[in-house]
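Text of the file final05.cif, holding mmCIF, C-alpha atoms:
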data_final
#
loop_
_atom_site.group_PDB
_atom_site.id
_atom_site.type_symbol
_atom_site.label_atom_id
_atom_site.label_comp_id
_atom_site.auth_asym_id
_atom_site.auth_seq_id
_atom_site.Cartn_x
_atom_site.Cartn_y
_atom_site.Cartn_z
ATOM 1 C CA MET A 1 -5.291 -0.851 30.726
ATOM 2 C CA PRO A 2 -6.448 -0.201 27.154
ATOM 3 C CA PRO A 3 -10.213 0.106 26.725
ATOM 4 C CA ASP A 4 -12.118 -2.927 25.480
ATOM 5 C CA SER A 5 -13.904 -3.189 22.138
ATOM 6 C CA SER A 6 -17.175 -1.814 23.517
ATOM 7 C CA SER A 7 -15.493 1.492 24.237
ATOM 8 C CA VAL A 8 -14.082 1.571 20.716
ATOM 9 C CA SER A 9 -17.556 0.980 19.340
ATOM 10 C CA SER A 10 -18.903 3.975 21.215
ATOM 11 C CA SER A 11 -15.935 6.279 20.871
ATOM 12 C CA ALA A 12 -14.318 5.525 17.511
ATOM 13 C CA PRO A 13 -15.088 8.335 15.060
ATOM 14 C CA ALA A 14 -17.455 7.774 12.182
ATOM 15 C CA PRO A 15 -16.101 8.505 8.689
ATOM 16 C CA THR A 16 -15.655 12.199 8.006
ATOM 17 C CA PRO A 17 -15.158 14.171 4.768
ATOM 18 C CA ASP A 18 -11.409 13.673 5.230
ATOM 19 C CA MET A 19 -11.888 9.907 5.041
ATOM 20 C CA PRO A 20 -12.822 7.781 2.007
ATOM 21 C CA ASP A 21 -16.161 8.917 0.592
ATOM 22 C CA THR A 22 -18.401 5.973 1.407
ATOM 23 C CA PRO A 23 -22.056 7.125 1.121
ATOM 24 C CA ASP A 24 -24.147 6.197 -1.913
ATOM 25 C CA MET A 25 -21.350 4.312 -3.646
ATOM 26 C CA MET A 26 -21.767 0.755 -2.412
ATOM 27 C CA ASN A 27 -23.449 -1.755 -4.699
ATOM 28 C CA SER A 28 -22.662 -5.148 -6.142
ATOM 29 C CA GLU A 29 -22.064 -3.739 -9.629
ATOM 30 C CA GLN A 30 -18.949 -1.699 -8.845
ATOM 31 C CA SER A 31 -16.483 -2.194 -11.651
ATOM 32 C CA ALA A 32 -12.726 -2.454 -11.744
ATOM 33 C CA ALA A 33 -12.698 0.901 -13.530
ATOM 34 C CA GLU A 34 -14.572 2.535 -10.646
ATOM 35 C CA LEU A 35 -12.153 1.016 -8.137
ATOM 36 C CA GLU A 36 -9.231 2.340 -10.171
ATOM 37 C CA THR A 37 -10.794 5.811 -10.268
ATOM 38 C CA TYR A 38 -11.410 5.719 -6.523
ATOM 39 C CA ILE A 39 -7.798 4.800 -5.808
ATOM 40 C CA LEU A 40 -6.512 7.452 -8.209
ATOM 41 C CA ASP A 41 -8.682 10.037 -6.461
ATOM 42 C CA GLN A 42 -7.184 8.947 -3.128
ATOM 43 C CA GLY A 43 -3.740 9.502 -4.605
ATOM 44 C CA GLU A 44 -4.564 13.162 -5.165
ATOM 45 C CA GLN A 45 -5.173 13.703 -1.451
ATOM 46 C CA PRO A 46 -2.265 15.158 0.531
ATOM 47 C CA GLY A 47 -0.595 13.090 3.196
ATOM 48 C CA GLY A 48 -0.807 9.640 1.625
ATOM 49 C CA THR A 49 -3.481 6.949 1.810
ATOM 50 C CA PRO A 50 -3.457 4.604 4.820
ATOM 51 C CA VAL A 51 -4.820 1.111 4.107
ATOM 52 C CA VAL A 52 -5.059 -1.903 6.382
ATOM 53 C CA LEU A 53 -3.640 -4.771 4.297
ATOM 54 C CA LEU A 54 -4.405 -8.429 4.887
ATOM 55 C CA ASP A 55 -1.543 -10.857 5.430
ATOM 56 C CA ASP A 56 -1.400 -14.585 4.631
ATOM 57 C CA ALA A 57 -3.129 -15.530 7.867
ATOM 58 C CA ALA A 58 -5.981 -13.048 7.371
ATOM 59 C CA VAL A 59 -6.478 -14.225 3.784
ATOM 60 C CA ALA A 60 -6.515 -17.863 4.906
ATOM 61 C CA ALA A 61 -9.089 -16.981 7.580
ATOM 62 C CA GLY A 62 -11.530 -15.687 4.965
ATOM 63 C CA ALA A 63 -10.133 -12.301 3.903
ATOM 64 C CA ASP A 64 -12.993 -10.452 5.593
ATOM 65 C CA PRO A 65 -11.715 -7.095 6.871
ATOM 66 C CA SER A 66 -14.939 -6.520 8.821
ATOM 67 C CA THR A 67 -13.910 -9.218 11.299
ATOM 68 C CA LEU A 68 -10.700 -7.408 12.250
ATOM 69 C CA ILE A 69 -12.320 -4.685 14.356
ATOM 70 C CA PRO A 70 -16.045 -5.530 14.568
ATOM 71 C CA GLY A 71 -16.626 -2.872 17.204
ATOM 72 C CA ILE A 72 -16.428 0.021 14.735
ATOM 73 C CA MET A 73 -18.733 -1.380 12.050
ATOM 74 C CA GLY A 74 -21.893 0.217 13.461
ATOM 75 C CA PRO A 75 -21.498 3.792 12.104
ATOM 76 C CA LEU A 76 -20.479 2.595 8.627
ATOM 77 C CA PRO A 77 -22.747 2.173 5.589
ATOM 78 C CA ALA A 78 -24.376 -1.263 5.445
ATOM 79 C CA ALA A 79 -22.380 -2.362 2.392
ATOM 80 C CA LEU A 80 -19.135 -1.910 4.313
ATOM 81 C CA ARG A 81 -20.120 -3.972 7.328
ATOM 82 C CA ARG A 82 -19.584 -7.341 5.634
ATOM 83 C CA PRO A 83 -18.093 -6.817 2.165
ATOM 84 C CA ALA A 84 -17.155 -9.658 -0.125
ATOM 85 C CA PRO A 85 -13.383 -10.224 -0.053
ATOM 86 C CA PHE A 86 -11.189 -8.382 -2.538
ATOM 87 C CA THR A 87 -13.926 -6.094 -3.835
ATOM 88 C CA TYR A 88 -14.449 -2.380 -4.214
ATOM 89 C CA GLU A 89 -16.342 -2.330 -0.896
ATOM 90 C CA ALA A 90 -13.654 -4.319 0.883
ATOM 91 C CA TYR A 91 -10.999 -1.861 -0.300
ATOM 92 C CA VAL A 92 -13.053 1.108 0.901
ATOM 93 C CA LEU A 93 -13.499 -0.549 4.306
ATOM 94 C CA GLN A 94 -9.770 -1.263 4.553
ATOM 95 C CA SER A 95 -9.113 2.388 3.716
ATOM 96 C CA VAL A 96 -11.603 3.524 6.374
ATOM 97 C CA LEU A 97 -9.908 1.287 8.949
ATOM 98 C CA GLY A 98 -6.525 2.672 7.935
ATOM 99 C CA GLU A 99 -7.699 6.267 8.223
ATOM 100 C CA LEU A 100 -9.331 5.717 11.610
ATOM 101 C CA LEU A 101 -6.262 3.946 12.920
ATOM 102 C CA LEU A 102 -3.774 6.513 11.644
ATOM 103 C CA GLU A 103 -5.670 9.606 12.745
ATOM 104 C CA SER A 104 -6.385 8.163 16.210
ATOM 105 C CA GLU A 105 -2.803 6.867 16.588
ATOM 106 C CA GLY A 106 -4.420 3.852 18.249
ATOM 107 C CA ALA A 107 -6.085 5.876 21.023
ATOM 108 C CA GLY A 108 -9.301 4.159 22.115
ATOM 109 C CA TRP A 109 -8.293 0.850 20.516
ATOM 110 C CA SER A 110 -7.807 -2.111 22.834
ATOM 111 C CA GLU A 111 -4.614 -4.143 22.820
ATOM 112 C CA GLY A 112 -6.526 -7.012 21.231
ATOM 113 C CA GLU A 113 -7.881 -4.801 18.476
ATOM 114 C CA LEU A 114 -4.463 -3.388 17.680
ATOM 115 C CA SER A 115 -3.028 -6.900 17.570
ATOM 116 C CA ALA A 116 -5.733 -7.870 15.040
ATOM 117 C CA ILE A 117 -4.398 -5.387 12.459
ATOM 118 C CA PRO A 118 -2.241 -7.459 10.071
ATOM 119 C CA LEU A 119 -0.415 -4.584 8.369
ATOM 120 C CA LEU A 120 -0.860 -0.847 7.934
ATOM 121 C CA ALA A 121 0.521 0.712 4.756
ATOM 122 C CA LEU A 122 0.702 4.436 4.052
ATOM 123 C CA ASN A 123 0.689 4.726 0.268
ATOM 124 C CA PHE A 124 2.154 7.638 -1.690
ATOM 125 C CA HIS A 125 2.370 8.357 -5.379
ATOM 126 C CA ASP A 126 3.353 11.940 -6.127
ATOM 127 C CA VAL A 127 3.845 14.450 -3.302
ATOM 128 C CA LEU A 128 3.562 18.133 -4.104
ATOM 129 C CA PRO A 129 5.747 20.621 -2.205
ATOM 130 C CA GLY A 130 2.625 22.197 -0.712
ATOM 131 C CA HIS A 131 1.702 18.828 0.800
ATOM 132 C CA LEU A 132 4.953 18.353 2.688
ATOM 133 C CA GLU A 133 3.609 19.618 6.014
ATOM 134 C CA ILE A 134 0.641 17.265 6.100
ATOM 135 C CA ALA A 135 2.800 14.363 4.870
ATOM 136 C CA ASP A 136 5.206 15.063 7.730
ATOM 137 C CA ARG A 137 2.340 15.185 10.242
ATOM 138 C CA ARG A 138 0.862 11.887 9.086
ATOM 139 C CA LEU A 139 4.225 10.138 8.952
ATOM 140 C CA ASN A 140 4.823 11.217 12.541
ATOM 141 C CA LYS A 141 1.442 9.728 13.442
ATOM 142 C CA LEU A 142 2.444 6.533 11.646
ATOM 143 C CA ALA A 143 5.688 6.346 13.611
ATOM 144 C CA ARG A 144 3.854 6.697 16.925
ATOM 145 C CA LEU A 145 1.378 4.044 15.822
ATOM 146 C CA ARG A 146 4.249 1.816 14.704
ATOM 147 C CA ASP A 147 5.507 1.712 18.264
ATOM 148 C CA LEU A 148 2.145 0.276 19.356
ATOM 149 C CA LEU A 149 1.700 -2.194 16.501
ATOM 150 C CA THR A 150 5.179 -3.664 16.203
ATOM 151 C CA ALA A 151 6.054 -4.494 19.800
ATOM 152 C CA GLY A 152 7.534 -7.997 19.683
ATOM 153 C CA ALA A 153 6.933 -8.415 15.939
ATOM 154 C CA ASP A 154 9.512 -9.693 13.433
ATOM 155 C CA GLU A 155 9.555 -6.588 11.246
ATOM 156 C CA GLU A 156 12.182 -7.938 8.889
ATOM 157 C CA LEU A 157 10.109 -10.894 7.743
ATOM 158 C CA HIS A 158 6.608 -9.664 8.482
ATOM 159 C CA PRO A 159 6.289 -5.864 8.502
ATOM 160 C CA ARG A 160 3.222 -4.452 10.253
ATOM 161 C CA VAL A 161 3.825 -0.805 9.352
ATOM 162 C CA VAL A 162 5.282 0.261 6.013
ATOM 163 C CA VAL A 163 5.413 3.287 3.725
ATOM 164 C CA LEU A 164 4.930 2.429 0.045
ATOM 165 C CA LEU A 165 6.164 4.822 -2.644
ATOM 166 C CA PHE A 166 4.638 3.876 -5.985
ATOM 167 C CA ASP A 167 5.871 4.661 -9.513
ATOM 168 C CA GLY A 168 9.196 6.351 -8.767
ATOM 169 C CA TYR A 169 8.193 9.983 -8.346
ATOM 170 C CA LYS A 170 11.332 11.949 -7.618
ATOM 171 C CA ASP A 171 9.598 14.607 -5.507
ATOM 172 C CA ALA A 172 7.886 11.970 -3.372
ATOM 173 C CA ALA A 173 11.160 10.209 -2.637
ATOM 174 C CA ARG A 174 13.006 13.443 -1.909
ATOM 175 C CA MET A 175 10.366 14.613 0.562
ATOM 176 C CA VAL A 176 9.052 11.419 2.157
ATOM 177 C CA VAL A 177 12.194 9.308 2.547
ATOM 178 C CA PRO A 178 14.156 11.810 4.706
ATOM 179 C CA ILE A 179 11.182 12.057 7.085
ATOM 180 C CA CYS A 180 10.964 8.265 7.243
ATOM 181 C CA ASP A 181 14.698 8.042 7.892
ATOM 182 C CA ARG A 182 14.358 10.461 10.793
ATOM 183 C CA LEU A 183 11.442 8.504 12.225
ATOM 184 C CA GLY A 184 12.845 5.053 11.559
ATOM 185 C CA LEU A 185 9.960 4.087 9.264
ATOM 186 C CA ARG A 186 10.370 1.268 6.780
ATOM 187 C CA VAL A 187 9.941 2.295 3.114
ATOM 188 C CA VAL A 188 9.440 0.175 0.015
ATOM 189 C CA ILE A 189 10.015 2.053 -3.254
ATOM 190 C CA LEU A 190 8.248 0.530 -6.266
ATOM 191 C CA PRO A 191 9.524 2.458 -9.284
ATOM 192 C CA ILE A 192 8.597 2.143 -12.897
ATOM 193 C CA ALA A 193 11.596 2.630 -15.109
ATOM 194 C CA LEU A 194 10.290 4.969 -17.803
ATOM 195 C CA GLU A 195 8.243 8.140 -17.765
ATOM 196 C CA VAL A 196 4.600 7.502 -18.641
ATOM 197 C CA LEU A 197 2.967 9.957 -21.075
ATOM 198 C CA ASP A 198 3.412 13.450 -19.630
ATOM 199 C CA ASP A 199 3.578 12.190 -16.049
ATOM 200 C CA ARG A 200 6.619 12.622 -13.811
ATOM 201 C CA ALA A 201 6.513 9.026 -12.601
ATOM 202 C CA GLY A 202 9.575 6.913 -13.208
ATOM 203 C CA THR A 203 11.991 9.824 -13.000
ATOM 204 C CA LEU A 204 14.207 8.429 -10.234
ATOM 205 C CA SER A 205 17.590 7.706 -11.779
ATOM 206 C CA ASP A 206 19.654 4.598 -11.135
ATOM 207 C CA ASP A 207 22.066 6.639 -9.012
ATOM 208 C CA GLU A 208 19.194 7.941 -6.881
ATOM 209 C CA LEU A 209 17.781 4.441 -6.495
ATOM 210 C CA ILE A 210 21.212 3.144 -5.466
ATOM 211 C CA ARG A 211 21.314 5.718 -2.656
ATOM 212 C CA LEU A 212 17.758 4.947 -1.568
ATOM 213 C CA ALA A 213 18.418 1.196 -1.592
ATOM 214 C CA ARG A 214 21.132 1.572 1.047
ATOM 215 C CA ASN A 215 18.441 1.950 3.708
ATOM 216 C CA HIS A 216 15.195 0.904 2.062
ATOM 217 C CA ALA A 217 13.821 -1.868 -0.136
ATOM 218 C CA LEU A 218 13.171 -1.580 -3.856
ATOM 219 C CA GLY A 219 10.150 -3.427 -5.210
ATOM 220 C CA PHE A 220 9.045 -4.582 -8.653
ATOM 221 C CA HIS A 221 6.435 -2.456 -10.491
ATOM 222 C CA THR A 222 7.145 -3.195 -14.220
ATOM 223 C CA LEU A 223 8.952 -1.075 -16.789
ATOM 224 C CA THR A 224 6.078 1.010 -18.152
ATOM 225 C CA HIS A 225 3.324 0.667 -15.525
ATOM 226 C CA ARG A 226 1.619 -2.515 -16.697
ATOM 227 C CA SER A 227 -0.949 -4.802 -15.121
ATOM 228 C CA ALA A 228 -0.324 -8.524 -14.852
ATOM 229 C CA ASP A 229 -2.834 -9.386 -17.550
ATOM 230 C CA GLU A 230 -1.046 -7.086 -20.011
ATOM 231 C CA ILE A 231 2.164 -9.119 -19.909
ATOM 232 C CA THR A 232 2.654 -11.256 -23.018
ATOM 233 C CA PRO A 233 5.444 -13.502 -24.307
ATOM 234 C CA ALA A 234 6.594 -10.515 -26.352
ATOM 235 C CA THR A 235 6.839 -8.163 -23.337
ATOM 236 C CA VAL A 236 7.658 -10.412 -20.384
ATOM 237 C CA ILE A 237 11.411 -9.924 -20.725
ATOM 238 C CA SER A 238 11.338 -6.120 -20.893
ATOM 239 C CA GLU A 239 8.484 -5.609 -18.413
ATOM 240 C CA VAL A 240 9.408 -8.263 -15.858
ATOM 241 C CA THR A 241 12.729 -10.085 -16.253
ATOM 242 C CA ASP A 242 14.872 -7.082 -17.112
ATOM 243 C CA VAL A 243 13.208 -4.961 -14.410
ATOM 244 C CA VAL A 244 13.933 -7.521 -11.689
ATOM 245 C CA HIS A 245 17.529 -7.825 -12.907
ATOM 246 C CA ARG A 246 17.896 -4.017 -12.942
ATOM 247 C CA LEU A 247 16.613 -3.695 -9.376
ATOM 248 C CA THR A 248 18.905 -6.518 -8.273
ATOM 249 C CA ARG A 249 21.890 -4.773 -9.832
ATOM 250 C CA ILE A 250 20.944 -1.421 -8.280
ATOM 251 C CA ALA A 251 20.228 -2.703 -4.774
ATOM 252 C CA GLY A 252 22.759 -5.530 -4.640
ATOM 253 C CA ARG A 253 19.921 -7.916 -3.775
ATOM 254 C CA ALA A 254 16.870 -9.233 -5.574
ATOM 255 C CA PRO A 255 13.571 -7.502 -4.866
ATOM 256 C CA ARG A 256 11.453 -9.494 -2.417
ATOM 257 C CA VAL A 257 8.166 -7.709 -3.064
ATOM 258 C CA GLY A 258 6.327 -6.479 -6.128
ATOM 259 C CA ALA A 259 3.051 -4.874 -7.180
ATOM 260 C CA TRP A 260 1.211 -4.579 -10.472
ATOM 261 C CA CYS A 261 -0.414 -1.489 -11.932
ATOM 262 C CA GLY A 262 -4.045 -1.824 -10.902
ATOM 263 C CA GLY A 263 -3.195 -3.644 -7.673
ATOM 264 C CA ALA A 264 -4.284 -7.159 -8.662
ATOM 265 C CA ARG A 265 -3.547 -10.168 -6.473
ATOM 266 C CA PHE A 266 -1.329 -13.056 -7.571
ATOM 267 C CA ASP A 267 -2.826 -15.240 -10.304
ATOM 268 C CA ASP A 268 -0.729 -18.229 -11.302
ATOM 269 C CA SER A 269 -2.445 -18.444 -14.685
ATOM 270 C CA LEU A 270 -0.782 -15.192 -15.787
ATOM 271 C CA LEU A 271 2.667 -15.283 -17.365
ATOM 272 C CA GLY A 272 3.942 -12.195 -15.558
ATOM 273 C CA ASN A 273 3.176 -13.658 -12.149
ATOM 274 C CA ARG A 274 4.824 -16.968 -12.953
ATOM 275 C CA ARG A 275 7.937 -15.143 -14.142
ATOM 276 C CA LEU A 276 8.083 -13.062 -10.954
ATOM 277 C CA ARG A 277 8.052 -16.206 -8.859
ATOM 278 C CA GLU A 278 10.723 -17.830 -11.061
ATOM 279 C CA LEU A 279 12.899 -14.744 -10.527
ATOM 280 C CA GLY A 280 12.677 -15.040 -6.744
ATOM 281 C CA VAL A 281 10.081 -12.398 -5.878
ATOM 282 C CA THR A 282 8.349 -13.853 -2.817
ATOM 283 C CA ASP A 283 5.611 -11.333 -1.936
ATOM 284 C CA LEU A 284 2.984 -9.395 -3.867
ATOM 285 C CA VAL A 285 1.211 -6.260 -2.639
ATOM 286 C CA SER A 286 -2.328 -5.849 -3.922
ATOM 287 C CA ASN A 287 -4.985 -3.261 -3.176
ATOM 288 C CA TRP A 288 -6.136 -5.492 -0.317
ATOM 289 C CA SER A 289 -3.185 -7.581 0.806
ATOM 290 C CA TRP A 290 0.503 -8.327 1.212
ATOM 291 C CA GLU A 291 0.717 -12.032 0.340
ATOM 292 C CA THR A 292 3.392 -14.661 -0.100
ATOM 293 C CA ILE A 293 3.380 -15.989 -3.644
#

Using structure tokens, write down the structure from this file.
Amino acid sequence: MPPDSSSVSSSAPAPTPDMPDTPDMMNSEQSAAELETYILDQGEQPGGTPVVLLDDAAVAAGADPSTLIPGIMGPLPAALRRPAPFTYEAYVLQSVLGELLLESEGAGWSEGELSAIPLLALNFHDVLPGHLEIADRRLNKLARLRDLLTAGADEELHPRVVVLLFDGYKDAARMVVPICDRLGLRVVILPIALEVLDDRAGTLSDDELIRLARNHALGFHTLTHRSADEITPATVISEVTDVVHRLTRIAGRAPRVGAWCGGARFDDSLLGNRRLRELGVTDLVSNWSWETI
């Protein structure tokens, strides 16, 4: 029988230097810019960033990630033990939970605690050739964890384990997707369509995306890496409408999921979000959640 939550409380590892850097950062004044910097710094780490994402039910229940696995809160900094929903602190806690879960492969977690995890995403942006070995190791861990988390779940409609490839980095797709194919891991590729500054994002060609879409989903991520509040009447067609139509043409089906640069949640007051919904996109991935829109 799996151990109960008391054994997780005593045996689950405390955050280590390989996990999100939590000390001395938690206060109520954390800005969106600091959150963005934190997430960008995570993206530089090899092996991807695991994050426990909230689903519709968890959001409706209060969107408090500290209630998912209360038994491991003890060793964490005080600000992480009950963070306000959808904040810098909440994101750090969801990253800590993701890291603990991935690295343990669920060992020491009770069946009830595993069932409380709504969704585990392993996020990648760029992947350098020198990081392939650790990416392979962590994807294998994710696959073993997937077998624990998804027993009896409807993975088609409500995925509980997913690999997210952001921005369309060619190297990331070429290295990560074959490993996921071998392991049977679900991938969502969220490409931007144009290169940004001197970055290599957005370099996947239509032909490459067509091949990837045979086995994996393509998701909306704008044309030139824009946030929802940057979309105006002058840019909504190029940044949203045309992108959704392009992905539909490439994949042979409309994208079901999307994400904005910056990872904001759905806000009906913003033109870009309303257009996404009009175009048939049904789900939005934010820094904290995978929600139906």

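All residues that come within 6 Å of the coordinates (0.6, -10.5, -18.2), counting only C-alpha atoms, are given as Ala228, Asp229, Glu230, Ile231, Thr232, Leu270, Leu271 and Gly272 of chain A.
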
Save out the residues we just selected, C-alpha atoms, as a PDB file, in the frame of the given file.
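The result, written out as result-v4.pdb:
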ATOM      1  CA  ALA A 228      -0.324  -8.524 -14.852  1.00  0.00           C
ATOM      2  CA  ASP A 229      -2.834  -9.386 -17.550  1.00  0.00           C
ATOM      3  CA  GLU A 230      -1.046  -7.086 -20.011  1.00  0.00           C
ATOM      4  CA  ILE A 231       2.164  -9.119 -19.909  1.00  0.00           C
ATOM      5  CA  THR A 232       2.654 -11.256 -23.018  1.00  0.00           C
ATOM      6  CA  LEU A 270      -0.782 -15.192 -15.787  1.00  0.00           C
ATOM      7  CA  LEU A 271       2.667 -15.283 -17.365  1.00  0.00           C
ATOM      8  CA  GLY A 272       3.942 -12.195 -15.558  1.00  0.00           C
TER       9      GLY A 272
END

So that I can check the surroundings of Leu132 of chain A, please list as a list of chain:residue names every protein, DNA and RNA residue that reaches within 12 Å of it, counting only C-alpha atoms and ignoring chain neighbours fewer than 3 positions away.
A:Gln45, A:Pro46, A:Gly47, A:Gly48, A:Phe124, A:Asp126, A:Val127, A:Leu128, A:Pro129, A:Ala135, A:Asp136, A:Arg137, A:Arg138, A:Leu139, A:Asp171, A:Ala172, A:Ala173, A:Arg174, A:Met175, A:Val176, A:Val177, A:Pro178, A:Ile179

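When the distance limit is 10 Å and only C-alpha atoms are what count, the residues near Thr224 of chain A, minus those fewer than 2 positions from it on the same chain, are A:Asp167, A:Pro191, A:Ile192, A:Ala193, A:Leu194, A:Glu195, A:Val196, A:Leu197, A:Ala201, A:Gly202, A:His221, A:Thr222, A:Arg226, A:Ser227, A:Ser238, A:Glu239, A:Cys261.
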
How would the residues just chosen look if you wrote them out with C-alpha atoms as a tab-separated table (two decimals), keeping the file's coordinate frame?
chain	number	residue	atom	x	y	z
A	167	ASP	CA	5.87	4.66	-9.51
A	191	PRO	CA	9.52	2.46	-9.28
A	192	ILE	CA	8.60	2.14	-12.90
A	193	ALA	CA	11.60	2.63	-15.11
A	194	LEU	CA	10.29	4.97	-17.80
A	195	GLU	CA	8.24	8.14	-17.76
A	196	VAL	CA	4.60	7.50	-18.64
A	197	LEU	CA	2.97	9.96	-21.08
A	201	ALA	CA	6.51	9.03	-12.60
A	202	GLY	CA	9.57	6.91	-13.21
A	221	HIS	CA	6.44	-2.46	-10.49
A	222	THR	CA	7.14	-3.20	-14.22
A	226	ARG	CA	1.62	-2.52	-16.70
A	227	SER	CA	-0.95	-4.80	-15.12
A	238	SER	CA	11.34	-6.12	-20.89
A	239	GLU	CA	8.48	-5.61	-18.41
A	261	CYS	CA	-0.41	-1.49	-11.93

Close residues, Asp55 of chain A itself excluded, 6 Å, all atoms listed in the file, min 4 positions apart in chain, as a ChimeraX atom specification
/A:118,289-291

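With all atoms listed in the file as the basis for measurement, A:Arg275 is the residue among A:His216, A:Arg275, A:Arg211, A:Arg265 that approaches Val236 of chain A most closely.
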
Would you mind listing what lies within 6 Å of segment 85-96 of chain A as a PDB file with C-alpha atoms, in the frame of the given file, with only C-alpha atoms counted and same-chain residues fewer than 4 positions away left out?
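Written output follows (around-v3.pdb):
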ATOM      1  CA  LEU A  35     -12.153   1.016  -8.137  1.00  0.00           C
ATOM      2  CA  VAL A  51      -4.820   1.111   4.107  1.00  0.00           C
ATOM      3  CA  VAL A  52      -5.059  -1.903   6.382  1.00  0.00           C
ATOM      4  CA  ALA A  63     -10.133 -12.301   3.903  1.00  0.00           C
ATOM      5  CA  ASP A  64     -12.993 -10.452   5.593  1.00  0.00           C
ATOM      6  CA  LEU A  80     -19.135  -1.910   4.313  1.00  0.00           C
TER       7      LEU A  80
END

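Counting all atoms listed in the file and comparing A:Ala234, A:Leu68, A:Leu119, A:Val244, the residue that lies closest to Leu54 of chain A is A:Leu119.
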
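With atom CA of Ser205 of chain A on one side and atom CA of Val281 of chain A on the other, the separation reads 22.3 Å.
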
Once the PyMOL selection byres ((chain A and resi 251) around 9) is applied to the coordinates I shared, what remains selected? I want it as a PyMOL selection string.
chain A and resi 209-214+217-218+246-250+252-255

A straight line from atom CA of Asp283 of chain A to atom CA of Pro83 of chain A spans 24.5 Å

Nearest-residue call for Asn140 of chain A, choices A:Trp109, A:Gly168, A:Leu102, A:His125, using only C-alpha atoms:
A:Leu102

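The interatomic distance for the pair atom CA of Asp268 of chain A and atom CA of Trp288 of chain A works out to 17.7 Å.
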
Take the PyMOL selection byres ((chain A and resi 186-188) around 9), run it mentally on this structure, and tell me the resulting residues as a list in words.
Pro159, Val161, Val162, Val163, Leu164, Leu165, Phe166, Val177, Cys180, Asp181, Gly184, Leu185, Ile189, Leu190, Asn215, His216, Ala217, Leu218, Gly219 and Val257 of chain A

Complete the atoms of segment 246-257 of chain A to N, CA and C atoms and put them out as a JSON list (two decimals), in the coordinates of the input.
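Generated file (result18.json):
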[["chain", "number", "residue", "atom", "x", "y", "z"],
["A", 246, "ARG", "N", 17.43, -5.40, -13.17],
["A", 246, "ARG", "CA", 17.90, -4.02, -12.94],
["A", 246, "ARG", "C", 17.84, -3.67, -11.46],
["A", 247, "LEU", "N", 16.73, -4.00, -10.80],
["A", 247, "LEU", "CA", 16.61, -3.70, -9.38],
["A", 247, "LEU", "C", 17.62, -4.48, -8.55],
["A", 248, "THR", "N", 17.90, -5.71, -8.97],
["A", 248, "THR", "CA", 18.90, -6.52, -8.27],
["A", 248, "THR", "C", 20.28, -5.89, -8.41],
["A", 249, "ARG", "N", 20.59, -5.42, -9.60],
["A", 249, "ARG", "CA", 21.89, -4.77, -9.83],
["A", 249, "ARG", "C", 21.99, -3.48, -9.02],
["A", 250, "ILE", "N", 20.93, -2.70, -8.99],
["A", 250, "ILE", "CA", 20.94, -1.42, -8.28],
["A", 250, "ILE", "C", 21.08, -1.62, -6.77],
["A", 251, "ALA", "N", 20.29, -2.54, -6.23],
["A", 251, "ALA", "CA", 20.23, -2.70, -4.77],
["A", 251, "ALA", "C", 21.27, -3.67, -4.24],
["A", 252, "GLY", "N", 21.83, -4.50, -5.11],
["A", 252, "GLY", "CA", 22.76, -5.53, -4.64],
["A", 252, "GLY", "C", 22.05, -6.74, -4.07],
["A", 253, "ARG", "N", 20.73, -6.78, -4.23],
["A", 253, "ARG", "CA", 19.92, -7.92, -3.78],
["A", 253, "ARG", "C", 18.64, -7.94, -4.61],
["A", 254, "ALA", "N", 18.09, -9.11, -4.78],
["A", 254, "ALA", "CA", 16.87, -9.23, -5.57],
["A", 254, "ALA", "C", 15.68, -8.63, -4.83],
["A", 255, "PRO", "N", 14.76, -8.02, -5.54],
["A", 255, "PRO", "CA", 13.57, -7.50, -4.87],
["A", 255, "PRO", "C", 12.74, -8.64, -4.29],
["A", 256, "ARG", "N", 12.28, -8.48, -3.06],
["A", 256, "ARG", "CA", 11.45, -9.49, -2.42],
["A", 256, "ARG", "C", 9.98, -9.29, -2.71],
["A", 257, "VAL", "N", 9.58, -8.04, -2.93],
["A", 257, "VAL", "CA", 8.17, -7.71, -3.06],
["A", 257, "VAL", "C", 7.91, -7.01, -4.39]]
